[in-house]
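Quick notes on the structure that follows.
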Amino acid sequence: MEKIADKRPAGAYLKFIILPLIGIFAFFIDVPMPEFTVMGFTMGARSTIPINHLTGLIRALLWDGTLKVMPYVVLAIALYGVADLILRRKKHFANTLGKVFAVIKLIGVVFIVFAVFDVGPYFLHEPREVLAARVIVDGAATYVPRSISVFVLNGVLITISISIPLAAVFLPFLLNYGLVEFVGVLVRPIMRPLFKLPGRSAVILVSALLGNFSVAHIAVDDQYHKGQMTEREAITICTGFCSSSIAFMMVLATNAGIIDNYWNAYVWSSFLMIIIITLIGVRIFPLSGIRDGFAPDVTPQPENVYKQRLFQNALSEGLTVSATADNPIMGIAHIMKATVGVLAAIIMGAGFSTSAGMLLYIFTPIFEWLGIIFRPIMWLVQIPPDEVVTAATGAAFSLLEVTIPSMLVMAGDWSYHIRYMMAVVPITSVIFLGSFVPSLISTNLPVKFWHLMVIWLERMILSVLFSGFFALLLFGIPN
């Protein structure tokens, strides 16, 4: 299809160029920061992305310093989620699977109450060496045992409650002013031959990584029922490209201790692995066997395909979006409104899955047994022998919750190989039960639960293999 790029007002060009640069700076450019003290808490000198500096600053203001209010913020978000479950119970309790996940979320709120008010069963509050936190005392590093409740509240829930809304503030600069559409047109010629997918799926991939998978699930559901993609394409995009967002990646990288020195390598290698693994997954069962037909009773609406003047048409589509986009304040308000509900669901789900996951990790060998599947690959990619069991267990844990694998290497002297892998594999395997599956099941897409489990296993095997090789490239052969 031929389209001539028409003239646009200067304002469209300015928004198309300047506003996305703000988002790129916030998420991808390292900025050095000297040591400083805020609210009685000293933040060490480091070089990292601006949004991570802001996350640390807010955490210092509201938690690490003298003002300790973040647990109550977490609780307020969870209670908002409870209210949403009650007010929209017809949607949340529409089917058996929805009822199960709704109950899980409510149990998650109970765990959060236990953690915030230091009440409940003793085994949740007993300090444990395996959950120790690394702290600096008089210039020397030491490890302080933590309870499950403190571990989950400090290591996951508080960080998520800060980083996801903060990321949402800067996301409109990347998403709303034509950059995504510009890139989408440029990659359309390779999406169909490589991934057997429409070019617009590239836009959804970027939207999921920069926004969240729930928004991407909704977008895919909408396009499927409008006749813009087939059943196979919709399920492939949801399970292959709708990974956890960059805000979640910040949490994992922070937990794993790689955000300061290896953030960009981590982000871009994860992005590349998502593409490679999806390239393989689309050609094997079960994705290859899913019906390649449109939704019933809809008229197919194939996308525009440009065979000439690719750059000009990409620019034209980008400028069309930037010319009609809301101002940044409106864009931030819109995405924050959507983020509150998503954040509440994530906090509730994480409250259950991380607490239950830690209990299973400490008191049962279930995930260690499941991790046996991945041990041969860990040996193949030369993970240090004394770290193989933890690495394999972490890979298995990612089925339950995306944050747990990185939490296993928060404390202790772990190699960068396992730290990197525990931050990567939950992202590249895409699927997890904590909030991804409830989000996808809540749409009207014809997805099968057992298909999701098979796809997770396939993607995890490939994730362990590729992340192990990337770790060798980044960090060399372990000693």
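To be explicit about the labels: the chains of the structure tokens are called A, B, and onward in the order shown, and within each one the residues are counted from 1, while ligands get numbers from 1 in the order they are shown.
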So which residues touch stretch 272-285 of chain A within 7 Å, counting only C-alpha atoms, skipping near sequence neighbours fewer than 4 positions away, as a compact mmCIF listing (two decimals) with C-alpha atoms, in the first residue's frame?
```txt
# COMPACT_ATOMS: atom_id res chain seq x y z
CA LEU A 194 9.69 -14.30 11.04
CA PHE A 195 6.85 -14.50 13.53
CA THR A 236 0.86 -16.01 20.21
CA GLY A 240 5.06 -14.48 23.51
CA PHE A 241 5.21 -10.70 23.59
CA TRP A 268 18.24 -5.22 25.84
CA GLY A 289 -1.70 -25.95 16.11
CA THR A 428 11.49 -14.09 28.98
CA ARG A 459 9.70 -20.89 27.12
CA LEU A 462 14.65 -21.89 26.20
CA PHE A 466 19.68 -18.51 26.22
```
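When the distance limit is 8 Å and only C-alpha atoms are what count, the residues near A:Val340, minus those fewer than 3 positions from it on the same chain, are Ile77, Pro165, Met336, Lys337, Leu343 and Ala344 of chain A.
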**Request:** Give me, please, the distance in Å between atom CA of A:Tyr13 and atom CA of A:Leu319, quoted to one decimal.
**Result:** 6.6 Å
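Checking A:Leu21, A:Phe117, A:His125, A:Phe436 one by one against A:Ala345, counting only C-alpha atoms, you find the shortest gap at A:Phe436.
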**Message:** Residues within 9 Å of A:Ala253, please, as a ChimeraX atom specification. Count only C-alpha atoms; anything in the same chain fewer than 6 positions from it doesn't count.
**Reply:** /A:259-260,262-263,266,406,419-420,422-424
Serialized selection, C-alpha atoms, as a CSV table (one decimal), in the first residue's frame:
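As written to disk, selection.csv reads:
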```csv
chain,number,residue,atom,x,y,z
A,259,ILE,CA,20.6,-2.6,38.2
A,260,ASP,CA,23.5,-0.2,38.7
A,262,TYR,CA,24.2,-4.0,34.1
A,263,TRP,CA,20.8,-2.4,33.6
A,266,TYR,CA,19.9,-6.7,31.1
A,406,SER,CA,15.4,-12.7,42.0
A,419,ARG,CA,21.9,-13.0,39.6
A,420,TYR,CA,21.5,-12.1,35.9
A,422,MET,CA,17.2,-15.0,38.0
A,423,ALA,CA,16.3,-11.5,36.8
A,424,VAL,CA,16.0,-12.6,33.1
```
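For A:Gly81, the list of residues within 10 Å, based on only C-alpha atoms and with local chain neighbours fewer than 4 positions off taken out, reads Leu75, Ala76, Ile77, Leu85, Ile86, Leu87, Lys105, Leu106, Val109, Val340, Gly341, Val342, Leu343, Ala344, Ala345, Ile346, Ile347 and Met348 of chain A.
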Taking 2 positions as the minimum chain separation for residues in the same chain, which residues sit within 8 Å of A:Arg232 when counting only C-alpha atoms? Answer as a PDB file with N, CA and C atoms, in the first residue's frame.
```pdb
ATOM      1  N   THR A 230      -5.980 -13.010  13.941  1.00  0.00           N
ATOM      2  CA  THR A 230      -6.611 -14.320  14.079  1.00  0.00           C
ATOM      3  C   THR A 230      -6.432 -14.854  15.497  1.00  0.00           C
ATOM      4  N   ALA A 234      -3.486 -13.893  18.069  1.00  0.00           N
ATOM      5  CA  ALA A 234      -3.811 -13.282  19.360  1.00  0.00           C
ATOM      6  C   ALA A 234      -3.156 -14.041  20.512  1.00  0.00           C
ATOM      7  N   ILE A 235      -3.270 -15.373  20.504  1.00  0.00           N
ATOM      8  CA  ILE A 235      -2.685 -16.178  21.588  1.00  0.00           C
ATOM      9  C   ILE A 235      -1.165 -16.115  21.539  1.00  0.00           C
ATOM     10  N   THR A 236      -0.596 -16.099  20.340  1.00  0.00           N
ATOM     11  CA  THR A 236       0.860 -16.008  20.205  1.00  0.00           C
ATOM     12  C   THR A 236       1.380 -14.695  20.769  1.00  0.00           C
ATOM     13  N   LEU A 287       1.286 -23.572  19.976  1.00  0.00           N
ATOM     14  CA  LEU A 287       0.947 -22.380  19.189  1.00  0.00           C
ATOM     15  C   LEU A 287       0.769 -22.701  17.713  1.00  0.00           C
ATOM     16  N   SER A 288       1.595 -23.608  17.197  1.00  0.00           N
ATOM     17  CA  SER A 288       1.506 -23.928  15.768  1.00  0.00           C
ATOM     18  C   SER A 288       0.198 -24.608  15.401  1.00  0.00           C
ATOM     19  N   ILE A 290      -2.871 -23.954  16.890  1.00  0.00           N
ATOM     20  CA  ILE A 290      -4.066 -23.173  17.202  1.00  0.00           C
ATOM     21  C   ILE A 290      -4.716 -22.681  15.908  1.00  0.00           C
ATOM     22  N   ARG A 291      -6.032 -22.642  15.903  1.00  0.00           N
ATOM     23  CA  ARG A 291      -6.798 -22.247  14.711  1.00  0.00           C
ATOM     24  C   ARG A 291      -6.360 -20.877  14.219  1.00  0.00           C
ATOM     25  N   ASP A 292      -6.035 -20.786  12.939  1.00  0.00           N
ATOM     26  CA  ASP A 292      -5.586 -19.523  12.356  1.00  0.00           C
ATOM     27  C   ASP A 292      -6.752 -18.834  11.651  1.00  0.00           C
ATOM     28  N   GLY A 293      -7.828 -18.646  12.408  1.00  0.00           N
ATOM     29  CA  GLY A 293      -9.020 -18.022  11.861  1.00  0.00           C
ATOM     30  C   GLY A 293      -9.455 -16.846  12.720  1.00  0.00           C
TER      31      GLY A 293
END
```
**Asked** Which residue gives the smallest distance to A:Asn304 among A:Ala219, A:Val185, A:Met229, A:Ser201, with only C-alpha atoms counted?
**Response** A:Val185
**Asked** Within 12 Å of stretch 95-97 of chain A, counting only C-alpha atoms, which residues qualify if same-chain residues fewer than 5 places away don't, as a ChimeraX atom specification?
**Response** /A:89-90,102-104,433,437-443,448-449
Store the residues of this selection in a file with C-alpha atoms, as a PDB file, in the first residue's frame.
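result.pdb was written with the following content:
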```pdb
ATOM      1  CA  ARG A  89     -17.884  -9.057  41.517  1.00  0.00           C
ATOM      2  CA  LYS A  90     -19.865 -10.091  38.436  1.00  0.00           C
ATOM      3  CA  ALA A 102     -10.306 -13.756  43.372  1.00  0.00           C
ATOM      4  CA  VAL A 103     -10.000 -15.881  46.529  1.00  0.00           C
ATOM      5  CA  ILE A 104      -6.216 -15.983  46.095  1.00  0.00           C
ATOM      6  CA  LEU A 433       0.214 -17.605  37.803  1.00  0.00           C
ATOM      7  CA  VAL A 437      -2.827 -15.773  33.981  1.00  0.00           C
ATOM      8  CA  PRO A 438      -5.771 -14.066  35.763  1.00  0.00           C
ATOM      9  CA  SER A 439      -5.314 -11.063  33.461  1.00  0.00           C
ATOM     10  CA  LEU A 440      -5.351 -13.196  30.310  1.00  0.00           C
ATOM     11  CA  ILE A 441      -8.182 -15.458  31.464  1.00  0.00           C
ATOM     12  CA  SER A 442     -10.316 -12.397  32.248  1.00  0.00           C
ATOM     13  CA  THR A 443     -10.379 -11.439  28.550  1.00  0.00           C
ATOM     14  CA  LYS A 448      -6.780 -22.841  27.234  1.00  0.00           C
ATOM     15  CA  PHE A 449      -5.156 -23.110  30.655  1.00  0.00           C
TER      16      PHE A 449
END
```
Would you list the contacts of A:Trp63 as an mmCIF file with N, CA and C atoms, in the first residue's frame, taking every protein, DNA or RNA residue within 12 Å and counting only C-alpha atoms, but skipping same-chain residues closer than 2 positions in sequence?
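Saved to part_2.cif:
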```
data_model
loop_
_atom_site.group_PDB
_atom_site.id
_atom_site.type_symbol
_atom_site.label_atom_id
_atom_site.label_comp_id
_atom_site.auth_asym_id
_atom_site.auth_seq_id
_atom_site.Cartn_x
_atom_site.Cartn_y
_atom_site.Cartn_z
ATOM 1 N N VAL A 38 18.884 11.835 53.099
ATOM 2 C CA VAL A 38 17.520 12.351 53.084
ATOM 3 C C VAL A 38 16.727 11.642 54.178
ATOM 4 N N MET A 39 16.032 12.407 55.001
ATOM 5 C CA MET A 39 15.221 11.873 56.098
ATOM 6 C C MET A 39 16.024 10.936 57.001
ATOM 7 N N GLY A 40 17.295 11.276 57.212
ATOM 8 C CA GLY A 40 18.137 10.480 58.081
ATOM 9 C C GLY A 40 18.714 9.241 57.438
ATOM 10 N N PHE A 41 18.433 9.020 56.139
ATOM 11 C CA PHE A 41 18.935 7.836 55.442
ATOM 12 C C PHE A 41 19.951 8.276 54.394
ATOM 13 N N THR A 55 13.084 6.332 42.323
ATOM 14 C CA THR A 55 12.536 5.260 43.149
ATOM 15 C C THR A 55 13.249 5.205 44.493
ATOM 16 N N GLY A 56 14.579 5.268 44.455
ATOM 17 C CA GLY A 56 15.350 5.258 45.699
ATOM 18 C C GLY A 56 15.056 6.463 46.574
ATOM 19 N N LEU A 57 14.876 7.623 45.950
ATOM 20 C CA LEU A 57 14.578 8.833 46.701
ATOM 21 C C LEU A 57 13.225 8.734 47.406
ATOM 22 N N ILE A 58 12.211 8.279 46.672
ATOM 23 C CA ILE A 58 10.879 8.141 47.268
ATOM 24 C C ILE A 58 10.892 7.093 48.371
ATOM 25 N N ARG A 59 11.609 6.002 48.144
ATOM 26 C CA ARG A 59 11.718 4.960 49.173
ATOM 27 C C ARG A 59 12.386 5.523 50.425
ATOM 28 N N ALA A 60 13.431 6.350 50.245
ATOM 29 C CA ALA A 60 14.106 6.963 51.392
ATOM 30 C C ALA A 60 13.179 7.916 52.137
ATOM 31 N N LEU A 61 12.396 8.679 51.386
ATOM 32 C CA LEU A 61 11.488 9.646 51.995
ATOM 33 C C LEU A 61 10.375 8.968 52.790
ATOM 34 N N GLY A 65 14.009 6.175 55.541
ATOM 35 C CA GLY A 65 14.345 7.238 56.481
ATOM 36 C C GLY A 65 13.488 7.190 57.727
ATOM 37 N N THR A 66 13.315 8.325 58.350
ATOM 38 C CA THR A 66 12.577 8.387 59.617
ATOM 39 C C THR A 66 11.068 8.292 59.444
ATOM 40 N N LEU A 67 10.560 8.588 58.257
ATOM 41 C CA LEU A 67 9.118 8.509 57.993
ATOM 42 C C LEU A 67 8.793 7.130 57.431
ATOM 43 N N LYS A 68 8.017 6.333 58.195
ATOM 44 C CA LYS A 68 7.758 4.931 57.822
ATOM 45 C C LYS A 68 6.290 4.752 57.417
ATOM 46 N N VAL A 69 5.914 5.241 56.253
ATOM 47 C CA VAL A 69 4.503 5.171 55.859
ATOM 48 C C VAL A 69 4.230 4.188 54.719
ATOM 49 N N MET A 70 5.262 3.688 54.051
ATOM 50 C CA MET A 70 5.026 2.853 52.871
ATOM 51 C C MET A 70 4.207 1.594 53.149
ATOM 52 N N PRO A 71 4.361 0.915 54.298
ATOM 53 C CA PRO A 71 3.494 -0.249 54.540
ATOM 54 C C PRO A 71 2.013 0.096 54.487
ATOM 55 N N TYR A 72 1.661 1.288 54.954
ATOM 56 C CA TYR A 72 0.254 1.702 54.946
ATOM 57 C C TYR A 72 -0.195 2.082 53.527
ATOM 58 N N VAL A 73 0.733 2.554 52.711
ATOM 59 C CA VAL A 73 0.430 2.800 51.299
ATOM 60 C C VAL A 73 0.129 1.475 50.609
ATOM 61 N N VAL A 74 0.969 0.468 50.879
ATOM 62 C CA VAL A 74 0.746 -0.869 50.310
ATOM 63 C C VAL A 74 -0.618 -1.398 50.732
ATOM 64 N N LEU A 153 7.354 -7.808 52.342
ATOM 65 C CA LEU A 153 6.961 -6.402 52.383
ATOM 66 C C LEU A 153 8.076 -5.497 51.867
ATOM 67 N N ASN A 154 9.296 -5.695 52.389
ATOM 68 C CA ASN A 154 10.414 -4.833 51.990
ATOM 69 C C ASN A 154 10.942 -5.155 50.600
ATOM 70 N N ILE A 158 6.744 -3.067 48.725
ATOM 71 C CA ILE A 158 7.071 -1.640 48.788
ATOM 72 C C ILE A 158 7.722 -1.177 47.486
ATOM 73 N N THR A 159 8.645 -1.978 46.976
ATOM 74 C CA THR A 159 9.324 -1.617 45.723
ATOM 75 C C THR A 159 8.336 -1.530 44.567
ATOM 76 N N SER A 161 5.124 -0.957 44.757
ATOM 77 C CA SER A 161 4.202 0.156 44.988
ATOM 78 C C SER A 161 4.807 1.502 44.606
ATOM 79 N N ILE A 162 6.135 1.587 44.596
ATOM 80 C CA ILE A 162 6.803 2.822 44.186
ATOM 81 C C ILE A 162 7.136 2.803 42.704
#
```
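Proximity to A:Pro198 was assessed for A:Val305, A:Leu54, A:Leu252, A:Ile107 counting only C-alpha atoms; the smallest distance is recorded for A:Val305.
Among the candidates A:Gly199, A:Pro50, A:Gly371, A:Pro426, the one nearest to A:Phe248 when counting only C-alpha atoms is A:Pro426.
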**Request:** Go through stretch 276-423 of chain A and collect every residue that DSSP, computed from the backbone, puts in helix (DSSP H, G or I); the answer should be as a ChimeraX atom specification.
**Result:** /A:276-281,287-289,310-324,328-363,366-380,385-397,404-407,416-423
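Distance annotation: of A:Val321, A:Ala83, A:Val100, A:Leu370, the residue with the minimal separation from A:Lys15 is A:Val321; atom set is only C-alpha atoms.
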